[in-house]
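Source file: start_8.csv (CSV, N, CA and C atoms and all ligand atoms)
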```
chain,number,residue,atom,x,y,z
X,993,MET,N,14.1,-12.4,-13.3
X,993,MET,CA,14.4,-12.8,-11.9
X,993,MET,C,15.2,-14.1,-11.9
X,994,ARG,N,16.4,-14.0,-11.3
X,994,ARG,CA,17.3,-15.2,-11.2
X,994,ARG,C,18.0,-15.3,-9.9
X,995,SER,N,18.7,-16.4,-9.7
X,995,SER,CA,19.3,-16.7,-8.3
X,995,SER,C,18.3,-16.5,-7.2
X,996,VAL,N,17.1,-17.1,-7.3
X,996,VAL,CA,16.1,-16.9,-6.3
X,996,VAL,C,16.4,-17.7,-5.1
X,997,VAL,N,16.3,-17.0,-3.9
X,997,VAL,CA,16.5,-17.7,-2.6
X,997,VAL,C,15.2,-17.6,-1.9
X,998,ASP,N,14.6,-18.7,-1.5
X,998,ASP,CA,13.3,-18.8,-0.8
X,998,ASP,C,13.5,-19.0,0.7
X,999,TYR,N,13.0,-18.1,1.5
X,999,TYR,CA,13.2,-18.2,2.9
X,999,TYR,C,12.0,-18.7,3.7
X,1000,SER,N,11.1,-19.4,2.9
X,1000,SER,CA,9.9,-19.9,3.6
X,1000,SER,C,10.1,-21.0,4.6
X,1001,LEU,N,11.2,-21.8,4.5
X,1001,LEU,CA,11.5,-22.8,5.5
X,1001,LEU,C,11.9,-22.1,6.8
X,1002,ALA,N,12.8,-21.1,6.7
X,1002,ALA,CA,13.2,-20.4,7.9
X,1002,ALA,C,12.0,-19.7,8.6
X,1003,ARG,N,11.1,-19.1,7.7
X,1003,ARG,CA,9.9,-18.5,8.2
X,1003,ARG,C,9.0,-19.5,9.0
X,1004,ARG,N,8.8,-20.6,8.4
X,1004,ARG,CA,8.0,-21.7,9.0
X,1004,ARG,C,8.6,-22.1,10.3
X,1005,ALA,N,9.9,-22.2,10.4
X,1005,ALA,CA,10.6,-22.6,11.6
X,1005,ALA,C,10.4,-21.6,12.7
X,1006,THR,N,10.5,-20.3,12.3
X,1006,THR,CA,10.3,-19.2,13.3
X,1006,THR,C,8.8,-19.3,13.8
X,1007,LEU,N,7.9,-19.5,12.9
X,1007,LEU,CA,6.5,-19.5,13.4
X,1007,LEU,C,6.2,-20.7,14.3
X,1008,ALA,N,6.8,-21.9,13.9
X,1008,ALA,CA,6.7,-23.1,14.7
X,1008,ALA,C,7.3,-22.9,16.1
X,1009,ALA,N,8.4,-22.2,16.2
X,1009,ALA,CA,9.1,-22.0,17.5
X,1009,ALA,C,8.2,-21.0,18.3
X,1010,LEU,N,7.6,-20.1,17.6
X,1010,LEU,CA,6.7,-19.1,18.3
X,1010,LEU,C,5.5,-19.9,18.9
X,1011,ALA,N,4.9,-20.8,18.1
X,1011,ALA,CA,3.8,-21.5,18.5
X,1011,ALA,C,4.1,-22.4,19.7
X,1012,ARG,N,5.3,-22.9,19.7
X,1012,ARG,CA,5.7,-23.8,20.8
X,1012,ARG,C,6.2,-23.0,22.1
X,1013,GLY,N,6.2,-21.7,21.9
X,1013,GLY,CA,6.7,-20.9,23.1
X,1013,GLY,C,8.2,-20.8,23.2
X,1014,GLN,N,8.9,-21.2,22.2
X,1014,GLN,CA,10.4,-21.2,22.3
X,1014,GLN,C,10.9,-19.8,22.0
X,1015,VAL,N,10.1,-19.0,21.3
X,1015,VAL,CA,10.5,-17.7,20.9
X,1015,VAL,C,9.5,-16.7,21.4
X,1016,PRO,N,9.9,-15.7,22.2
X,1016,PRO,CA,8.8,-14.7,22.6
X,1016,PRO,C,8.3,-13.9,21.4
X,1017,LEU,N,7.1,-13.5,21.6
X,1017,LEU,CA,6.4,-12.7,20.5
X,1017,LEU,C,7.2,-11.4,20.2
X,1018,SER,N,7.9,-10.9,21.3
X,1018,SER,CA,8.6,-9.6,21.1
X,1018,SER,C,9.9,-9.8,20.2
X,1019,ASP,N,10.3,-11.1,20.1
X,1019,ASP,CA,11.4,-11.3,19.2
X,1019,ASP,C,11.1,-11.4,17.7
X,1020,VAL,N,9.9,-11.7,17.4
X,1020,VAL,CA,9.5,-11.8,16.0
X,1020,VAL,C,8.6,-10.7,15.5
X,1021,CYS,N,7.9,-10.0,16.5
X,1021,CYS,CA,7.1,-8.9,16.1
X,1021,CYS,C,7.8,-7.6,16.5
X,1022,ASP,N,9.0,-7.4,15.9
X,1022,ASP,CA,9.9,-6.4,16.3
X,1022,ASP,C,10.3,-5.4,15.2
X,1023,ALA,N,9.3,-5.3,14.2
X,1023,ALA,CA,9.7,-4.4,13.1
X,1023,ALA,C,10.1,-3.0,13.6
X,1024,HIS,N,11.2,-2.5,13.0
X,1024,HIS,CA,11.7,-1.2,13.3
X,1024,HIS,C,10.7,-0.2,12.9
X,1025,PRO,N,10.5,0.9,13.6
X,1025,PRO,CA,9.6,2.0,13.1
X,1025,PRO,C,9.9,2.4,11.7
X,1026,TYR,N,11.1,2.4,11.3
X,1026,TYR,CA,11.5,2.8,9.9
X,1026,TYR,C,10.9,1.8,8.9
X,1027,LEU,N,11.0,0.5,9.3
X,1027,LEU,CA,10.4,-0.5,8.4
X,1027,LEU,C,8.9,-0.4,8.3
X,1028,LEU,N,8.3,-0.1,9.5
X,1028,LEU,CA,6.8,0.0,9.5
X,1028,LEU,C,6.4,1.2,8.6
X,1029,ARG,N,7.1,2.3,8.7
X,1029,ARG,CA,6.8,3.5,7.9
X,1029,ARG,C,7.0,3.2,6.4
X,1030,ALA,N,8.1,2.4,6.1
X,1030,ALA,CA,8.4,2.1,4.7
X,1030,ALA,C,7.3,1.2,4.2
X,1031,ALA,N,6.8,0.3,5.0
X,1031,ALA,CA,5.7,-0.6,4.6
X,1031,ALA,C,4.4,0.2,4.3
X,1032,LYS,N,4.2,1.3,5.1
X,1032,LYS,CA,3.0,2.1,4.9
X,1032,LYS,C,3.1,2.9,3.6
X,1033,TYR,N,4.2,3.5,3.3
X,1033,TYR,CA,4.4,4.4,2.2
X,1033,TYR,C,4.9,3.8,0.9
X,1034,HIS,N,5.8,2.8,1.0
X,1034,HIS,CA,6.4,2.3,-0.2
X,1034,HIS,C,6.1,0.8,-0.4
X,1035,GLY,N,5.4,0.2,0.6
X,1035,GLY,CA,5.2,-1.3,0.5
X,1035,GLY,C,4.1,-1.7,-0.5
X,1036,GLU,N,4.1,-2.9,-0.9
X,1036,GLU,CA,3.1,-3.5,-1.8
X,1036,GLU,C,2.2,-4.3,-0.9
X,1037,PRO,N,0.9,-3.9,-0.9
X,1037,PRO,CA,0.0,-4.7,-0.1
X,1037,PRO,C,-0.3,-6.1,-0.7
X,1038,THR,N,-0.4,-7.1,0.1
X,1038,THR,CA,-0.8,-8.4,-0.3
X,1038,THR,C,-2.1,-8.8,0.3
X,1039,THR,N,-2.7,-9.9,-0.2
X,1039,THR,CA,-3.9,-10.4,0.4
X,1039,THR,C,-3.7,-11.4,1.5
X,1040,GLU,N,-2.4,-11.7,1.7
X,1040,GLU,CA,-2.0,-12.8,2.6
X,1040,GLU,C,-2.2,-12.3,4.1
X,1041,PRO,N,-2.9,-13.0,4.9
X,1041,PRO,CA,-3.1,-12.5,6.3
X,1041,PRO,C,-1.8,-12.7,7.1
X,1042,CYS,N,-1.6,-11.9,8.1
X,1042,CYS,CA,-0.5,-12.0,9.0
X,1042,CYS,C,-0.5,-13.4,9.7
X,1043,PRO,N,0.6,-14.1,9.7
X,1043,PRO,CA,0.5,-15.5,10.3
X,1043,PRO,C,0.5,-15.4,11.8
X,1044,VAL,N,0.8,-14.2,12.4
X,1044,VAL,CA,0.8,-14.1,13.9
X,1044,VAL,C,-0.5,-13.5,14.4
X,1045,CYS,N,-0.9,-12.4,14.0
X,1045,CYS,CA,-2.1,-11.8,14.6
X,1045,CYS,C,-3.4,-12.1,13.7
X,1046,ARG,N,-3.2,-12.4,12.5
X,1046,ARG,CA,-4.3,-12.8,11.5
X,1046,ARG,C,-5.3,-11.7,11.4
X,1047,LYS,N,-5.0,-10.5,11.8
X,1047,LYS,CA,-6.0,-9.4,11.7
X,1047,LYS,C,-5.7,-8.5,10.5
X,1048,GLU,N,-4.4,-8.4,10.2
X,1048,GLU,CA,-4.0,-7.5,9.1
X,1048,GLU,C,-3.4,-8.3,7.9
X,1049,SER,N,-3.4,-7.7,6.7
X,1049,SER,CA,-2.8,-8.3,5.6
X,1049,SER,C,-1.3,-7.9,5.6
X,1050,LEU,N,-0.5,-8.8,5.1
X,1050,LEU,CA,0.9,-8.5,5.0
X,1050,LEU,C,1.3,-7.5,3.9
X,1051,THR,N,2.3,-6.7,4.2
X,1051,THR,CA,2.8,-5.8,3.2
X,1051,THR,C,4.2,-6.2,2.8
X,1052,HIS,N,4.6,-6.2,1.5
X,1052,HIS,CA,5.9,-6.6,1.1
X,1052,HIS,C,6.8,-5.3,0.9
X,1053,VAL,N,7.9,-5.3,1.5
X,1053,VAL,CA,8.9,-4.2,1.3
X,1053,VAL,C,10.1,-4.7,0.6
X,1054,SER,N,10.6,-4.1,-0.4
X,1054,SER,CA,11.7,-4.6,-1.2
X,1054,SER,C,12.9,-3.7,-1.0
X,1055,TYR,N,14.0,-4.3,-0.5
X,1055,TYR,CA,15.3,-3.6,-0.3
X,1055,TYR,C,16.2,-4.0,-1.5
X,1056,THR,N,16.9,-3.1,-2.0
X,1056,THR,CA,17.8,-3.3,-3.2
X,1056,THR,C,19.3,-3.1,-2.8
X,1057,TYR,N,20.1,-4.1,-3.2
X,1057,TYR,CA,21.5,-4.1,-2.9
X,1057,TYR,C,22.3,-4.4,-4.2
X,1058,GLY,N,23.4,-3.7,-4.4
X,1058,GLY,CA,24.3,-4.1,-5.5
X,1058,GLY,C,25.3,-3.0,-5.7
X,1059,ASP,N,26.5,-3.4,-6.1
X,1059,ASP,CA,27.6,-2.5,-6.4
X,1059,ASP,C,27.2,-1.4,-7.3
X,1060,ALA,N,26.4,-1.8,-8.3
X,1060,ALA,CA,26.0,-0.9,-9.4
X,1060,ALA,C,25.1,0.2,-8.9
X,1061,LEU,N,24.5,0.1,-7.7
X,1061,LEU,CA,23.6,1.1,-7.2
X,1061,LEU,C,24.3,2.3,-6.6
X,1062,GLY,N,25.5,2.1,-6.2
X,1062,GLY,CA,26.3,3.2,-5.7
X,1062,GLY,C,25.6,3.8,-4.4
X,1063,PRO,N,25.4,5.1,-4.3
X,1063,PRO,CA,24.8,5.6,-3.1
X,1063,PRO,C,23.4,5.1,-2.8
X,1064,TYR,N,22.7,4.5,-3.8
X,1064,TYR,CA,21.4,4.0,-3.5
X,1064,TYR,C,21.3,2.6,-3.0
X,1065,ASN,N,22.5,2.0,-2.7
X,1065,ASN,CA,22.6,0.7,-2.2
X,1065,ASN,C,21.8,0.6,-0.9
X,1066,GLY,N,21.0,-0.4,-0.8
X,1066,GLY,CA,20.2,-0.6,0.5
X,1066,GLY,C,18.9,0.1,0.6
X,1067,ARG,N,18.6,0.8,-0.5
X,1067,ARG,CA,17.3,1.6,-0.5
X,1067,ARG,C,16.1,0.7,-0.7
X,1068,ILE,N,15.0,1.2,-0.2
X,1068,ILE,CA,13.7,0.5,-0.4
X,1068,ILE,C,13.1,1.0,-1.7
X,1069,LYS,N,12.6,0.1,-2.5
X,1069,LYS,CA,12.0,0.4,-3.8
X,1069,LYS,C,10.7,-0.2,-4.0
X,1070,ALA,N,9.8,0.5,-4.6
X,1070,ALA,CA,8.4,0.0,-5.0
X,1070,ALA,C,8.6,-0.9,-6.2
X,1071,THR,N,7.7,-1.8,-6.4
X,1071,THR,CA,7.7,-2.8,-7.5
X,1071,THR,C,7.9,-2.1,-8.9
X,1072,ARG,N,7.2,-1.0,-9.1
X,1072,ARG,CA,7.2,-0.3,-10.4
X,1072,ARG,C,8.6,0.3,-10.6
X,1073,GLU,N,9.3,0.7,-9.5
X,1073,GLU,CA,10.7,1.2,-9.6
X,1073,GLU,C,11.6,0.1,-10.0
X,1074,LEU,N,11.4,-1.1,-9.5
X,1074,LEU,CA,12.2,-2.3,-9.8
X,1074,LEU,C,12.2,-2.5,-11.3
X,1075,ASP,N,11.0,-2.4,-11.9
X,1075,ASP,CA,10.8,-2.6,-13.3
X,1075,ASP,C,11.7,-1.7,-14.1
X,1076,GLU,N,11.8,-0.4,-13.7
X,1076,GLU,CA,12.6,0.6,-14.3
X,1076,GLU,C,14.1,0.3,-14.1
X,1077,MET,N,14.5,-0.1,-12.9
X,1077,MET,CA,15.9,-0.4,-12.6
X,1077,MET,C,16.4,-1.6,-13.3
X,1078,GLU,N,15.5,-2.5,-13.5
X,1078,GLU,CA,15.8,-3.8,-14.3
X,1078,GLU,C,16.4,-3.4,-15.7
X,1079,HIS,N,15.9,-2.4,-16.3
X,1079,HIS,CA,16.3,-2.0,-17.6
X,1079,HIS,C,17.6,-1.1,-17.6
X,1080,GLU,N,17.8,-0.5,-16.5
X,1080,GLU,CA,18.9,0.5,-16.4
X,1080,GLU,C,20.2,-0.1,-15.8
X,1081,ILE,N,20.0,-1.0,-14.9
X,1081,ILE,CA,21.1,-1.5,-14.1
X,1081,ILE,C,21.5,-2.9,-14.4
X,1082,HIS,N,22.8,-3.1,-14.4
X,1082,HIS,CA,23.4,-4.4,-14.8
X,1082,HIS,C,22.9,-5.5,-13.9
X,1083,GLU,N,23.1,-5.4,-12.6
X,1083,GLU,CA,22.8,-6.4,-11.7
X,1083,GLU,C,22.6,-5.9,-10.3
X,1084,PHE,N,21.5,-6.3,-9.6
X,1084,PHE,CA,21.3,-5.9,-8.2
X,1084,PHE,C,20.4,-7.0,-7.6
X,1085,ARG,N,20.5,-7.1,-6.3
X,1085,ARG,CA,19.7,-8.2,-5.6
X,1085,ARG,C,18.6,-7.5,-4.8
X,1086,VAL,N,17.5,-8.1,-4.8
X,1086,VAL,CA,16.3,-7.6,-4.1
X,1086,VAL,C,16.0,-8.5,-3.0
X,1087,TYR,N,15.8,-8.0,-1.8
X,1087,TYR,CA,15.3,-8.7,-0.6
X,1087,TYR,C,13.9,-8.3,-0.3
X,1088,VAL,N,13.0,-9.2,-0.3
X,1088,VAL,CA,11.6,-8.9,0.0
X,1088,VAL,C,11.3,-9.3,1.4
X,1089,VAL,N,10.9,-8.3,2.2
X,1089,VAL,CA,10.5,-8.6,3.6
X,1089,VAL,C,9.0,-8.4,3.8
X,1090,GLU,N,8.4,-9.4,4.4
X,1090,GLU,CA,6.9,-9.2,4.7
X,1090,GLU,C,6.8,-8.5,6.1
X,1091,VAL,N,5.9,-7.6,6.1
X,1091,VAL,CA,5.7,-6.8,7.3
X,1091,VAL,C,4.2,-6.8,7.7
X,1092,CYS,N,3.8,-6.9,9.0
X,1092,CYS,CA,2.5,-6.7,9.4
X,1092,CYS,C,2.5,-5.4,10.1
X,1093,GLN,N,1.6,-4.5,9.6
X,1093,GLN,CA,1.6,-3.1,10.2
X,1093,GLN,C,0.7,-3.1,11.5
X,1094,GLY,N,0.1,-4.3,11.7
X,1094,GLY,CA,-0.7,-4.4,12.9
X,1094,GLY,C,0.1,-4.8,14.1
X,1095,CYS,N,0.8,-5.9,14.0
X,1095,CYS,CA,1.5,-6.5,15.2
X,1095,CYS,C,3.1,-6.3,15.1
X,1096,ALA,N,3.5,-5.8,13.9
X,1096,ALA,CA,5.0,-5.6,13.7
X,1096,ALA,C,5.7,-6.9,13.4
X,1097,TRP,N,5.0,-8.0,13.1
X,1097,TRP,CA,5.7,-9.2,12.5
X,1097,TRP,C,6.5,-8.8,11.3
X,1098,ASN,N,7.7,-9.3,11.2
X,1098,ASN,CA,8.5,-9.1,9.9
X,1098,ASN,C,9.4,-10.3,9.7
X,1099,HIS,N,9.5,-10.7,8.4
X,1099,HIS,CA,10.4,-11.8,8.1
X,1099,HIS,C,10.8,-11.7,6.6
X,1100,LEU,N,12.0,-12.1,6.3
X,1100,LEU,CA,12.5,-12.2,5.0
X,1100,LEU,C,11.7,-13.3,4.3
X,1101,THR,N,11.2,-13.0,3.1
X,1101,THR,CA,10.4,-14.0,2.3
X,1101,THR,C,11.2,-14.6,1.2
X,1102,VAL,N,11.8,-13.7,0.4
X,1102,VAL,CA,12.5,-14.2,-0.8
X,1102,VAL,C,13.6,-13.1,-1.2
X,1103,SER,N,14.6,-13.6,-1.9
X,1103,SER,CA,15.5,-12.6,-2.5
X,1103,SER,C,15.8,-13.1,-3.9
X,1104,PHE,N,16.1,-12.2,-4.8
X,1104,PHE,CA,16.4,-12.6,-6.2
X,1104,PHE,C,17.3,-11.5,-6.8
X,1105,VAL,N,17.9,-11.9,-7.9
X,1105,VAL,CA,18.7,-10.9,-8.7
X,1105,VAL,C,17.9,-10.4,-9.9
X,1106,LEU,N,18.0,-9.1,-10.1
X,1106,LEU,CA,17.4,-8.4,-11.3
X,1106,LEU,C,18.5,-7.7,-12.0
X,1107,GLY,N,18.2,-7.2,-13.2
X,1107,GLY,CA,19.1,-6.4,-13.9
X,1107,GLY,C,19.2,-7.0,-15.3
X,1108,HIS,N,19.7,-6.1,-16.3
X,1108,HIS,CA,19.7,-6.6,-17.7
X,1108,HIS,C,20.8,-7.6,-18.0
X,1109,GLY,N,21.8,-7.7,-17.0
X,1109,GLY,CA,22.8,-8.7,-17.1
X,1109,GLY,C,23.9,-8.5,-18.1
X,1110,GLN,N,23.9,-7.3,-18.7
X,1110,GLN,CA,25.0,-7.0,-19.6
X,1110,GLN,C,26.0,-6.1,-18.9
X,1111,ALA,N,27.3,-6.5,-19.1
X,1111,ALA,CA,28.4,-5.8,-18.5
X,1111,ALA,C,28.3,-4.3,-18.9
X,1112,PRO,N,28.6,-3.4,-18.0
X,1112,PRO,CA,28.5,-2.0,-18.4
X,1112,PRO,C,29.6,-1.7,-19.4
X,1113,ARG,N,29.2,-0.9,-20.4
X,1113,ARG,CA,30.2,-0.6,-21.5
X,1113,ARG,C,31.0,0.6,-21.1
X,1114,SER,N,32.3,0.5,-21.4
X,1114,SER,CA,33.2,1.5,-20.9
X,1114,SER,C,33.3,2.7,-21.8
X,1115,ASN,N,33.1,2.5,-23.1
X,1115,ASN,CA,33.3,3.6,-24.0
X,1115,ASN,C,32.0,4.2,-24.6
X,1116,GLY,N,31.0,4.3,-23.7
X,1116,GLY,CA,29.8,5.0,-24.0
X,1116,GLY,C,28.9,4.4,-25.1
X,1117,ARG,N,28.0,5.1,-25.6
X,1117,ARG,CA,27.1,4.6,-26.6
X,1117,ARG,C,27.8,4.4,-27.9
X,1118,ARG,N,27.4,3.3,-28.6
X,1118,ARG,CA,28.0,3.0,-29.9
X,1118,ARG,C,27.1,3.7,-30.9
X,1119,ARG,N,27.8,4.4,-31.8
X,1119,ARG,CA,27.0,5.0,-32.9
X,1119,ARG,C,27.8,4.8,-34.2
X,1120,SER,N,27.0,4.8,-35.3
X,1120,SER,CA,27.7,4.7,-36.6
X,1120,SER,C,28.2,6.0,-37.0
X,1121,ARG,N,29.1,6.1,-38.0
X,1121,ARG,CA,29.7,7.3,-38.3
X,1121,ARG,C,28.7,8.3,-38.9
X,1122,THR,N,27.7,7.8,-39.6
X,1122,THR,CA,26.7,8.8,-40.2
X,1122,THR,C,25.8,9.4,-39.0
X,1123,ASP,N,25.5,8.6,-38.0
X,1123,ASP,CA,24.8,9.1,-36.9
X,1123,ASP,C,25.5,10.2,-36.2
X,1124,GLN,N,26.8,10.1,-36.1
X,1124,GLN,CA,27.6,11.1,-35.4
X,1124,GLN,C,27.6,12.4,-36.2
X,1125,LEU,N,27.7,12.3,-37.6
X,1125,LEU,CA,27.6,13.4,-38.4
X,1125,LEU,C,26.3,14.2,-38.3
X,1126,THR,N,25.2,13.4,-38.4
X,1126,THR,CA,23.9,14.1,-38.4
X,1126,THR,C,23.6,14.6,-37.0
X,1127,ALA,N,23.9,13.9,-35.9
X,1127,ALA,CA,23.5,14.3,-34.6
X,1127,ALA,C,24.3,15.4,-34.0
X,1128,ASP,N,25.6,15.4,-34.3
X,1128,ASP,CA,26.5,16.4,-33.7
X,1128,ASP,C,26.7,17.6,-34.6
X,1129,GLY,N,26.5,17.5,-35.9
X,1129,GLY,CA,26.8,18.5,-36.8
X,1129,GLY,C,25.9,19.7,-36.8
X,1201,ZN,ZN,0.2,-9.2,12.5
```
In structure tokens, write the structure found in this file.
Amino acid sequence: MRSVVDYSLARRATLAALARGQVPLSDVCDAHPYLLRAAKYHGEPTTEPCPVCRKESLTHVSYTYGDALGPYNGRIKATRELDEMEHEIHEFRVYVVEVCQGCAWNHLTVSFVLGHGQAPRSNGRRRSRTDQLTADG
């Protein structure tokens, strides 16, 4: 995990503005139905209570972005899938959004870069000459 960006300050500011009545509840508890569905089926449950309704526990949803992802850019991935991708993909950024499935509160919590960090090799897998003889022969 590298290039970590923490959004907790922005989150706290949003919650403070909500508490002061500067921001209507409908502006912060506006999770898109798609995001709510993603939280339900692909999200990672946490034990942290929702800061708005305090009735439900928050769910984390991870979006993945990167040139190396091609058509999968912007997809939602479960944590176990991120572990696999980390070994296969050079570099991609993960945005973790917390979602309350009760009141639809949602906020970006953190983003970070994953990936094995090695530039993709252009000429395929490297093999010794003996390997080629035995494998292809
Ligand atoms: Zn809530």
Go through chain X residue by residue and, counting all atoms listed in the file, keep those with an atom at most 6 Å from ligand ZN 1201 (chain X); for each kept residue give the shortest atom pair and its distance in Å to one decimal, ordered by chain and increasing number, as CSV.
```
residue,atom,partner,partner_atom,distance
X:Cys1042,CA,X:ZN1201,ZN,4.5
X:Pro1043,N,X:ZN1201,ZN,5.7
X:Val1044,C,X:ZN1201,ZN,4.8
X:Cys1045,N,X:ZN1201,ZN,3.7
X:Arg1046,N,X:ZN1201,ZN,4.7
X:Lys1047,N,X:ZN1201,ZN,5.4
X:Glu1048,N,X:ZN1201,ZN,5.2
X:Cys1092,CA,X:ZN1201,ZN,4.6
X:Gln1093,N,X:ZN1201,ZN,5.7
X:Gly1094,C,X:ZN1201,ZN,4.7
X:Cys1095,N,X:ZN1201,ZN,3.7
X:Ala1096,N,X:ZN1201,ZN,4.9
X:Trp1097,N,X:ZN1201,ZN,5.0
```
With N, CA and C atoms retained, could you export that selection as a CSV table (one decimal), in the frame of the given file?
```csv
chain,number,residue,atom,x,y,z
X,1042,CYS,N,-1.6,-11.9,8.1
X,1042,CYS,CA,-0.5,-12.0,9.0
X,1042,CYS,C,-0.5,-13.4,9.7
X,1043,PRO,N,0.6,-14.1,9.7
X,1043,PRO,CA,0.5,-15.5,10.3
X,1043,PRO,C,0.5,-15.4,11.8
X,1044,VAL,N,0.8,-14.2,12.4
X,1044,VAL,CA,0.8,-14.1,13.9
X,1044,VAL,C,-0.5,-13.5,14.4
X,1045,CYS,N,-0.9,-12.4,14.0
X,1045,CYS,CA,-2.1,-11.8,14.6
X,1045,CYS,C,-3.4,-12.1,13.7
X,1046,ARG,N,-3.2,-12.4,12.5
X,1046,ARG,CA,-4.3,-12.8,11.5
X,1046,ARG,C,-5.3,-11.7,11.4
X,1047,LYS,N,-5.0,-10.5,11.8
X,1047,LYS,CA,-6.0,-9.4,11.7
X,1047,LYS,C,-5.7,-8.5,10.5
X,1048,GLU,N,-4.4,-8.4,10.2
X,1048,GLU,CA,-4.0,-7.5,9.1
X,1048,GLU,C,-3.4,-8.3,7.9
X,1092,CYS,N,3.8,-6.9,9.0
X,1092,CYS,CA,2.5,-6.7,9.4
X,1092,CYS,C,2.5,-5.4,10.1
X,1093,GLN,N,1.6,-4.5,9.6
X,1093,GLN,CA,1.6,-3.1,10.2
X,1093,GLN,C,0.7,-3.1,11.5
X,1094,GLY,N,0.1,-4.3,11.7
X,1094,GLY,CA,-0.7,-4.4,12.9
X,1094,GLY,C,0.1,-4.8,14.1
X,1095,CYS,N,0.8,-5.9,14.0
X,1095,CYS,CA,1.5,-6.5,15.2
X,1095,CYS,C,3.1,-6.3,15.1
X,1096,ALA,N,3.5,-5.8,13.9
X,1096,ALA,CA,5.0,-5.6,13.7
X,1096,ALA,C,5.7,-6.9,13.4
X,1097,TRP,N,5.0,-8.0,13.1
X,1097,TRP,CA,5.7,-9.2,12.5
X,1097,TRP,C,6.5,-8.8,11.3
```
| note | Counting only C-alpha atoms, the residue among X:Ile1081, X:Glu1073, X:Ala1111, X:Ser1103 that lies closest to X:His1034 is X:Glu1073
| Which of stretch 1019-1112 of chain X fall in strand (DSSP E), as a PyMOL selection string | chain X and resi 1036-1041+1049-1057+1068-1069+1084-1091+1098-1106
| request: Find the distance between atom N of X:Lys1032 and atom CA of X:Ser1054 and write it in Å to one decimal. | output: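 According to the coordinates, atom N of X:Lys1032 and atom CA of X:Ser1054 are separated by 11.4 Å.
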Report the closest atom pair, with its distance in Å rounded to one decimal, for each residue of stretch 1072-1116 of chain X that has an atom no farther than 7 Å from stretch 994-1002 of chain X; count all atoms listed in the file, sort by chain and then rising residue number, and write it as a tab-separated table.
```
residue	atom	partner	partner_atom	distance
X:Leu1100	C	X:Tyr999	CA	5.3
X:Thr1101	C	X:Tyr999	N	3.9
X:Val1102	CA	X:Val997	C	4.5
X:Ser1103	C	X:Val997	N	3.9
X:Phe1104	CA	X:Val996	CA	4.3
X:Val1105	N	X:Arg994	C	3.9
X:Leu1106	N	X:Arg994	N	5.3
```
